[in-house]
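Undergrad: Could you have a look at this structure, given as structure tokens, before my questions?
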Number of protein chains: 2
Amino acid sequence: MVPHSSPGSTTERNIDLNSILEEMTSGISHADPAMMKRARIRQARLTKPPGSLGRLEEISVRLAGIYGTTRPKVASRSLVIAAGDHDVVRQGVTSYPQDVTAQMVLNFLAGGAAVTAMARLFDVDVTVVDAGVKSELPEHPDLISLRIGPGAADISAGPAMSREQAERCLIEGVRIGQRSAGSGSGLVAAGDMGIGNTTPSSAITAALTGMPPEVTTGRGTGRNADELRHKTEIVARALEVNKPDAHDPVDVLSKVGGFEIGVLAGVMLGAASRGSVVVIDGFISGVAALIATGLRPELGDYLIAGHRSAETGHAIVLDHLGLEPVLDLDMRLGEGTGAVLAMPVIEAAAACLSEMATFDEAGVSDSETKRSTTA
Amino acid sequence: MVPHSSPGSTTERNIDLNSILEEMTSGISHADPAMMKRARIRQARLTKPPGSLGRLEEISVRLAGIYGTTRPKVASRSLVIAAGDHDVVRQGVTSYPQDVTAQMVLNFLAGGAAVTAMARLFDVDVTVVDAGVKSELPEHPDLISLRIGPGAADISAGPAMSREQAERCLIEGVRIGQRSAGSGSGLVAAGDMGIGNTTPSSAITAALTGMPPEVTTGRGTGRNADELRHKTEIVARALEVNKPDAHDPVDVLSKVGGFEIGVLAGVMLGAASRGSVVVIDGFISGVAALIATGLRPELGDYLIAGHRSAETGHAIVLDHLGLEPVLDLDMRLGEGTGAVLAMPVIEAAAACLSEMATFDEAGVSDSETKRSTTA
């Protein structure tokens, strides 16, 4: 009773992608509730007033649930930066020339960018992916060249890419994410580079959350209210022209997305499938998480939001994902900077849960001791 | 025409302390405005949209001004934890027994506390100081035993300590801070341990900022509204009984302070005098900064607030110091945890300013390039 769909039809391809993704991401199950409960009990016995480590306590408990131990230890730190271009820049939505995407990829490889300075400091492995940069890039040992397309097409005039391309982004992304996760219990940050990519991100956010473009669109690197108004119109037009299906994240990605966004969504699924925590960065990285959790809701348990970006749409994305960011430093650079910067805090949360002495071990009296002796 | 004051009078001792402190802290001048200007110019040329590193940019500029270079690099990271007891706990202002102060000192020395777990992770040198713990502590190579007094006296009944003791706290603290700063260009965090020390801290905040005890007093480790009301009354009584002179920080310290608070104030002055940045922690550490900046206002340039503590009075202290904290994670533990946790962020800010390529160096077009070519 299997329907004979014609080869290459949407239905058949959906089944293919679903089964491939299903197989590749079968390791993603919810964070272990029993282990999280045990971690909470341990937290309550550590030598500090209950709750006094604030947000670090909830982060450590989540790591316990993902890593499967009440003594979580971060085994590796890595960052995947996916780069892609966007022909919607023709519509004048950004103040930087398109060449900057390729130039910044070279800057990452040379170690001259903000995120590479941070990665050196914190000993984070960096993988740069050409997901779909317009101009060709020279070969480099640290560059994965996917080049799924020569930049996403102008979304204000039609779809960003074909459905096949969107699927390839996800599948290749999963492979890269799995490699970055190593043998698990790591932190994998997802960063982006793509001149013009706040425009498709605003469109994806509108499509997947139901919020209007006026709310999901921010200034990006633009400078004034006129530019913002124009950009909002372009986002609205992209949605009208393409009519992305909110119930089909791959459709949304292919119609109003971008190659780097699809690859990052895959990276997140791949990293989580190997038992690593995914640290999302700002708006673009968050939008990739919207797509990835649309495909596998269990991924939500593996996500930690590195920071609150100053870019408007980011708050909507975090709200939709139910995430409270670790840092709030008014940053809006992308590249993974906000995710990498949060890694030491996440690692410190794990170290406190794993290495602190309990009241009993340290021979420290807790407040209950007093209550019982003075009662 | 020098007045003959009797030996040991307040006036003579003031002159002595002032001249000693003056000599010890003569290295504290304002952060170099010319270097900060040069750092701002360099920031504007780095390969990123202007302002996109948010708060990291201002932090890096401050480091440039303190370290005297547009390429700041953190040379060392250290933490001083000063511990002291407070006989005001007799008034029932806290839910932990007084013994916990000494027990936690042993826990620091054994590496079982939250802050020591973090310090190991971030390679931070830890110095523990017995400023005035009630019970005697065993000798330990990592413990500096000052023991200026066996716990501060009950401030609801009289002064916490003599003026001489307050002066000794400051002078010994300066020496410890200088040692921790090493040859300069470091980060020195100031942490506290002292059961009951939010009570004197609330009193000091009220005395030095003019805010009423109802506003400066928070729950500390206490649990309910009744306990808070009682604690507020004790703070008000301490101010009424002692009448600390708001224009004389040493008077405030001696009357409603504590040994560890005085030592930390000295540590800050000492660290800054050797050209290191001082990272303050939560409420107690912030109160020590209020006293220290009261003595040497230039110290203000050297202070970075590690985090916003959940303890009520902390916001008032930060406001008075004109500081915006780096982290806001709902922590309220003390020990220096919020300061140590902010160190990687501060170091990352320095690394970005020092190591990022400029647009010219990287061959990256900036937004001005586009403007001029498309104009």
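By order of appearance in the structure tokens: chains A, B, ..., then residues from 1 within every chain, and ligands from 1 in the order shown.
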Among range 59-263 of chain B, which ones does DSSP place in alpha helix (DSSP H), written as JSON, numbers by chain?
TA: {"B": [59, 60, 61, 62, 63, 64, 65, 66, 67, 99, 100, 101, 102, 103, 104, 105, 106, 107, 108, 109, 110, 114, 115, 116, 117, 118, 119, 120, 121, 122, 163, 164, 165, 166, 167, 168, 169, 170, 171, 172, 173, 174, 175, 176, 177, 178, 179, 180, 181, 198, 199, 200, 201, 202, 203, 204, 205, 206, 207, 208, 209, 213, 214, 215, 216, 225, 226, 227, 228, 229, 230, 231, 232, 233, 234, 235, 236, 237, 238, 239, 240, 241, 242, 249, 250, 251, 252, 253, 254, 255, 256, 259, 260, 261, 262, 263]}
Undergrad: Since we have the selection now, will you write its residues out, keeping C-alpha atoms, as a short mmCIF file (atom, residue, chain, number, x, y, z; two decimals), in the first residue's frame?
TA:
data_model
loop_
_atom_site.label_atom_id
_atom_site.label_comp_id
_atom_site.auth_asym_id
_atom_site.auth_seq_id
_atom_site.Cartn_x
_atom_site.Cartn_y
_atom_site.Cartn_z
CA ILE B 59 36.45 46.71 29.19
CA SER B 60 39.35 46.36 26.76
CA VAL B 61 39.81 50.13 26.62
CA ARG B 62 39.96 50.28 30.40
CA LEU B 63 42.59 47.54 30.47
CA ALA B 64 44.60 49.51 27.93
CA GLY B 65 44.46 52.54 30.22
CA ILE B 66 45.52 50.55 33.29
CA TYR B 67 48.18 48.35 31.69
CA ASP B 99 31.95 27.95 63.18
CA VAL B 100 31.22 27.79 59.47
CA THR B 101 33.65 30.65 58.80
CA ALA B 102 36.60 28.57 60.07
CA GLN B 103 35.23 25.42 58.46
CA MET B 104 34.99 27.15 55.11
CA VAL B 105 38.57 28.44 55.41
CA LEU B 106 39.65 24.81 55.76
CA ASN B 107 37.41 23.95 52.80
CA PHE B 108 39.15 26.65 50.70
CA LEU B 109 42.55 25.26 51.69
CA ALA B 110 41.41 21.74 50.79
CA ALA B 114 32.91 26.65 44.76
CA VAL B 115 35.51 29.34 44.26
CA THR B 116 38.43 26.92 44.50
CA ALA B 117 36.82 24.67 41.87
CA MET B 118 36.55 27.71 39.59
CA ALA B 119 40.07 28.88 40.42
CA ARG B 120 41.55 25.51 39.43
CA LEU B 121 39.64 25.61 36.16
CA PHE B 122 40.80 29.12 35.28
CA ARG B 163 40.72 52.43 64.88
CA GLU B 164 44.21 50.91 65.12
CA GLN B 165 42.84 47.54 64.13
CA ALA B 166 41.02 49.07 61.16
CA GLU B 167 44.25 50.72 60.04
CA ARG B 168 46.13 47.46 60.39
CA CYS B 169 43.53 45.69 58.22
CA LEU B 170 44.14 48.23 55.48
CA ILE B 171 47.92 48.23 55.64
CA GLU B 172 48.24 44.43 55.77
CA GLY B 173 45.69 44.21 52.97
CA VAL B 174 47.75 46.55 50.79
CA ARG B 175 50.80 44.29 51.26
CA ILE B 176 48.81 41.18 50.32
CA GLY B 177 47.27 42.94 47.32
CA GLN B 178 50.69 44.02 46.10
CA ARG B 179 52.01 40.48 46.38
CA SER B 180 48.98 39.10 44.50
CA ALA B 181 49.40 41.66 41.73
CA THR B 198 26.06 40.97 55.18
CA THR B 199 24.94 42.76 58.39
CA PRO B 200 28.04 45.02 58.76
CA SER B 201 28.08 45.41 54.97
CA SER B 202 24.53 46.77 55.03
CA ALA B 203 25.56 49.14 57.83
CA ILE B 204 28.63 50.36 55.91
CA THR B 205 26.55 50.86 52.75
CA ALA B 206 24.02 52.90 54.69
CA ALA B 207 26.78 54.95 56.34
CA LEU B 208 28.70 55.70 53.13
CA THR B 209 25.84 56.15 50.64
CA PRO B 213 18.96 50.39 56.37
CA GLU B 214 15.58 49.31 54.99
CA VAL B 215 17.08 49.63 51.51
CA THR B 216 20.64 48.44 52.16
CA ALA B 225 10.49 38.32 56.04
CA ASP B 226 10.61 38.21 59.85
CA GLU B 227 14.33 37.50 59.83
CA LEU B 228 14.85 40.34 57.35
CA ARG B 229 12.89 42.80 59.51
CA HIS B 230 14.95 41.82 62.55
CA LYS B 231 18.21 42.15 60.63
CA THR B 232 17.22 45.61 59.39
CA GLU B 233 16.59 46.69 63.00
CA ILE B 234 20.03 45.43 64.01
CA VAL B 235 21.65 47.41 61.18
CA ALA B 236 19.74 50.54 62.23
CA ARG B 237 20.79 50.00 65.84
CA ALA B 238 24.47 49.57 64.83
CA LEU B 239 24.35 52.95 63.06
CA GLU B 240 22.60 54.65 65.98
CA VAL B 241 24.93 53.24 68.64
CA ASN B 242 28.17 53.90 66.69
CA PRO B 249 36.02 55.58 55.74
CA VAL B 250 38.38 54.27 58.45
CA ASP B 251 35.93 55.39 61.11
CA VAL B 252 33.10 53.61 59.29
CA LEU B 253 35.20 50.44 58.96
CA SER B 254 36.17 50.42 62.63
CA LYS B 255 32.67 51.13 63.93
CA VAL B 256 30.38 48.99 61.77
CA PHE B 259 38.32 42.52 59.68
CA GLU B 260 37.90 40.78 56.32
CA ILE B 261 36.21 43.86 54.85
CA GLY B 262 39.12 46.07 55.88
CA VAL B 263 41.69 43.62 54.53
#
Undergrad: Any idea what's packed within 9 Å of Glu298 in chain B, counting only C-alpha atoms, ignoring anything in its chain fewer than 2 positions away? Could you give it as a list in words?
TA: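 So the residues in contact are Ile28, Ser29, His30, Ala31, Thr293, Arg296, Gly300, Asp301 and Tyr302 of chain B.
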Undergrad: Please produce a file of the residues just selected, as a PDB file, in the first residue's frame, where the atoms kept are N, CA and C atoms.
TA:
ATOM      1  N   ILE B  28      48.949  54.432  42.438  1.00  0.00           N
ATOM      2  CA  ILE B  28      47.579  54.525  41.910  1.00  0.00           C
ATOM      3  C   ILE B  28      47.321  55.905  41.324  1.00  0.00           C
ATOM      4  N   SER B  29      47.412  56.012  40.018  1.00  0.00           N
ATOM      5  CA  SER B  29      46.976  57.244  39.368  1.00  0.00           C
ATOM      6  C   SER B  29      45.852  56.855  38.419  1.00  0.00           C
ATOM      7  N   HIS B  30      45.163  57.836  37.887  1.00  0.00           N
ATOM      8  CA  HIS B  30      44.042  57.513  36.995  1.00  0.00           C
ATOM      9  C   HIS B  30      44.525  56.694  35.798  1.00  0.00           C
ATOM     10  N   ALA B  31      43.643  55.854  35.272  1.00  0.00           N
ATOM     11  CA  ALA B  31      43.957  55.109  34.052  1.00  0.00           C
ATOM     12  C   ALA B  31      44.327  56.129  32.973  1.00  0.00           C
ATOM     13  N   THR B 293      37.749  53.223  47.832  1.00  0.00           N
ATOM     14  CA  THR B 293      37.649  54.408  46.959  1.00  0.00           C
ATOM     15  C   THR B 293      37.431  55.666  47.786  1.00  0.00           C
ATOM     16  N   ARG B 296      41.080  56.426  48.424  1.00  0.00           N
ATOM     17  CA  ARG B 296      41.799  56.803  47.197  1.00  0.00           C
ATOM     18  C   ARG B 296      40.832  56.749  46.011  1.00  0.00           C
ATOM     19  N   GLY B 300      38.909  53.909  41.668  1.00  0.00           N
ATOM     20  CA  GLY B 300      37.707  53.637  40.876  1.00  0.00           C
ATOM     21  C   GLY B 300      38.015  53.186  39.456  1.00  0.00           C
ATOM     22  N   ASP B 301      39.060  53.762  38.851  1.00  0.00           N
ATOM     23  CA  ASP B 301      39.426  53.407  37.476  1.00  0.00           C
ATOM     24  C   ASP B 301      39.867  51.952  37.339  1.00  0.00           C
ATOM     25  N   TYR B 302      40.318  51.359  38.439  1.00  0.00           N
ATOM     26  CA  TYR B 302      40.893  50.007  38.393  1.00  0.00           C
ATOM     27  C   TYR B 302      39.868  48.910  38.668  1.00  0.00           C
TER      28      TYR B 302
END
Undergrad: Could the residues of chain B within 6 Å of chain A, counting only C-alpha atoms, be given as number ranges by chain, please?
TA: B: 52-55, 95-97, 103, 112-114, 117-118, 329-333, 348, 351-352, 356-357, 364, 367, 370
Undergrad: Write a file of the selected residues as an mmCIF file, in the first residue's frame, keeping N, CA, C and O atoms.
TA:
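again.cif, freshly written:
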data_model
loop_
_atom_site.group_PDB
_atom_site.id
_atom_site.type_symbol
_atom_site.label_atom_id
_atom_site.label_comp_id
_atom_site.auth_asym_id
_atom_site.auth_seq_id
_atom_site.Cartn_x
_atom_site.Cartn_y
_atom_site.Cartn_z
ATOM 1 N N SER B 52 30.142 46.240 17.865
ATOM 2 C CA SER B 52 29.476 44.932 17.894
ATOM 3 C C SER B 52 30.009 43.997 18.982
ATOM 4 O O SER B 52 29.393 42.980 19.265
ATOM 5 N N LEU B 53 31.137 44.351 19.611
ATOM 6 C CA LEU B 53 31.586 43.548 20.756
ATOM 7 C C LEU B 53 31.019 44.099 22.070
ATOM 8 O O LEU B 53 31.374 43.626 23.151
ATOM 9 N N GLY B 54 30.133 45.067 21.971
ATOM 10 C CA GLY B 54 29.390 45.555 23.135
ATOM 11 C C GLY B 54 30.281 45.934 24.301
ATOM 12 O O GLY B 54 31.263 46.664 24.158
ATOM 13 N N ARG B 55 29.935 45.437 25.473
ATOM 14 C CA ARG B 55 30.632 45.765 26.718
ATOM 15 C C ARG B 55 32.111 45.362 26.686
ATOM 16 O O ARG B 55 32.929 45.938 27.402
ATOM 17 N N SER B 95 21.497 32.320 59.405
ATOM 18 C CA SER B 95 20.998 30.972 59.689
ATOM 19 C C SER B 95 22.121 29.942 59.790
ATOM 20 O O SER B 95 21.855 28.762 59.948
ATOM 21 N N TYR B 96 23.379 30.384 59.690
ATOM 22 C CA TYR B 96 24.498 29.439 59.813
ATOM 23 C C TYR B 96 25.242 29.665 61.131
ATOM 24 O O TYR B 96 25.367 30.812 61.576
ATOM 25 N N PRO B 97 25.758 28.605 61.737
ATOM 26 C CA PRO B 97 26.548 28.797 62.961
ATOM 27 C C PRO B 97 27.883 29.464 62.652
ATOM 28 O O PRO B 97 28.421 29.321 61.547
ATOM 29 N N GLN B 103 35.377 26.646 59.246
ATOM 30 C CA GLN B 103 35.225 25.415 58.459
ATOM 31 C C GLN B 103 35.390 25.692 56.972
ATOM 32 O O GLN B 103 36.008 24.901 56.246
ATOM 33 N N GLY B 112 37.804 22.415 48.265
ATOM 34 C CA GLY B 112 36.459 21.860 48.125
ATOM 35 C C GLY B 112 35.343 22.879 47.972
ATOM 36 O O GLY B 112 34.168 22.514 47.915
ATOM 37 N N ALA B 113 35.697 24.158 47.896
ATOM 38 C CA ALA B 113 34.661 25.192 47.802
ATOM 39 C C ALA B 113 34.371 25.534 46.344
ATOM 40 O O ALA B 113 35.132 25.182 45.440
ATOM 41 N N ALA B 114 33.281 26.246 46.116
ATOM 42 C CA ALA B 114 32.906 26.649 44.756
ATOM 43 C C ALA B 114 34.034 27.467 44.126
ATOM 44 O O ALA B 114 34.448 27.218 42.989
ATOM 45 N N ALA B 117 37.066 25.459 43.092
ATOM 46 C CA ALA B 117 36.820 24.669 41.869
ATOM 47 C C ALA B 117 36.983 25.566 40.639
ATOM 48 O O ALA B 117 37.624 25.200 39.651
ATOM 49 N N MET B 118 36.425 26.763 40.715
ATOM 50 C CA MET B 118 36.554 27.707 39.593
ATOM 51 C C MET B 118 38.010 28.136 39.393
ATOM 52 O O MET B 118 38.489 28.261 38.263
ATOM 53 N N LEU B 329 24.061 36.428 37.039
ATOM 54 C CA LEU B 329 23.655 35.017 37.041
ATOM 55 C C LEU B 329 22.930 34.624 38.315
ATOM 56 O O LEU B 329 22.874 33.450 38.666
ATOM 57 N N ASP B 330 22.395 35.637 39.014
ATOM 58 C CA ASP B 330 21.576 35.376 40.197
ATOM 59 C C ASP B 330 22.366 34.663 41.302
ATOM 60 O O ASP B 330 21.802 33.933 42.096
ATOM 61 N N MET B 331 23.680 34.889 41.320
ATOM 62 C CA MET B 331 24.531 34.275 42.335
ATOM 63 C C MET B 331 24.581 35.155 43.574
ATOM 64 O O MET B 331 24.420 36.364 43.500
ATOM 65 N N ARG B 332 24.800 34.532 44.730
ATOM 66 C CA ARG B 332 24.906 35.292 45.984
ATOM 67 C C ARG B 332 25.707 34.487 47.001
ATOM 68 O O ARG B 332 25.318 34.313 48.132
ATOM 69 N N LEU B 333 26.866 33.992 46.554
ATOM 70 C CA LEU B 333 27.661 33.117 47.398
ATOM 71 C C LEU B 333 28.826 33.831 48.060
ATOM 72 O O LEU B 333 29.238 33.482 49.163
ATOM 73 N N ALA B 348 39.115 37.822 27.596
ATOM 74 C CA ALA B 348 38.695 37.756 26.189
ATOM 75 C C ALA B 348 38.600 39.159 25.597
ATOM 76 O O ALA B 348 38.952 39.383 24.426
ATOM 77 N N ALA B 351 42.030 40.110 24.773
ATOM 78 C CA ALA B 351 42.539 39.345 23.633
ATOM 79 C C ALA B 351 41.990 39.894 22.315
ATOM 80 O O ALA B 351 42.712 39.973 21.311
ATOM 81 N N CYS B 352 40.725 40.274 22.293
ATOM 82 C CA CYS B 352 40.139 40.819 21.053
ATOM 83 C C CYS B 352 40.860 42.108 20.653
ATOM 84 O O CYS B 352 41.254 42.273 19.496
ATOM 85 N N MET B 356 43.066 40.880 17.389
ATOM 86 C CA MET B 356 42.287 40.940 16.154
ATOM 87 C C MET B 356 43.036 41.727 15.084
ATOM 88 O O MET B 356 43.785 42.656 15.382
ATOM 89 N N ALA B 357 42.810 41.331 13.834
ATOM 90 C CA ALA B 357 43.371 42.078 12.716
ATOM 91 C C ALA B 357 42.543 43.337 12.474
ATOM 92 O O ALA B 357 41.353 43.382 12.779
ATOM 93 N N VAL B 364 40.015 43.201 4.654
ATOM 94 C CA VAL B 364 38.550 43.123 4.722
ATOM 95 C C VAL B 364 37.989 44.524 4.457
ATOM 96 O O VAL B 364 38.504 45.512 4.982
ATOM 97 N N SER B 367 32.418 49.032 6.153
ATOM 98 C CA SER B 367 31.197 49.582 5.560
ATOM 99 C C SER B 367 31.482 50.882 4.816
ATOM 100 O O SER B 367 30.817 51.212 3.853
ATOM 101 N N LYS B 370 32.202 50.357 1.104
ATOM 102 C CA LYS B 370 31.038 50.250 0.252
ATOM 103 C C LYS B 370 30.467 51.628 -0.044
ATOM 104 O O LYS B 370 30.158 51.971 -1.170
#
Undergrad: Near range 316-323 of chain A, counting only C-alpha atoms, which residues have an atom at most 7 Å away, once you skip same-chain residues fewer than 3 positions from it, shown as a list of chain:residue names?
TA: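 Near range 316-323 of chain A, the qualifying residues are A:Thr205, A:Gly286, A:Val287, A:Ala305, A:Gly313.
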Undergrad: Calculated over only C-alpha atoms, which of the candidates B:Leu187, B:Met36, B:Ala82, B:Ala160 has the smallest distance to Asp125 in chain B?
TA: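 Closest to Asp125 in chain B of all the choices is B:Leu187.
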Undergrad: Using only C-alpha atoms, can you tell me which of B:Leu264, B:Leu79, B:Ala131, B:Val74 comes closest to Ile346 in chain B?
TA: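 Going through B:Leu264, B:Leu79, B:Ala131, B:Val74 one by one, the smallest distance to Ile346 in chain B is for B:Val74.
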Undergrad: What separation in Å, quoted to one decimal, exists between CA of Ala190 in chain A and CA of Gly306 in chain A?
TA: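 Interatomic distance here is 10.0 Å.
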Undergrad: Which residues, written as a PyMOL selection string, have at least one atom at most 6 Å from Glu335 in chain B, with only C-alpha atoms counted and residues fewer than 3 positions away on the same chain left out?
TA: chain B and resi 191-193
Undergrad: What separation in Å, quoted to one decimal, exists between CA of Ala153 in chain B and CA of Ser19 in chain B?
TA: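 Pair CA of Ala153 in chain B / CA of Ser19 in chain B returns 27.9 Å.
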Undergrad: Determine, counting only C-alpha atoms, which protein, DNA and RNA residues have an atom within 12 Å of an atom of Glu139 in chain B; residues of the same chain fewer than 4 positions away are not included. Present the result as a PyMOL selection string.
TA: chain B and resi 105-106+109+128-130+143-146
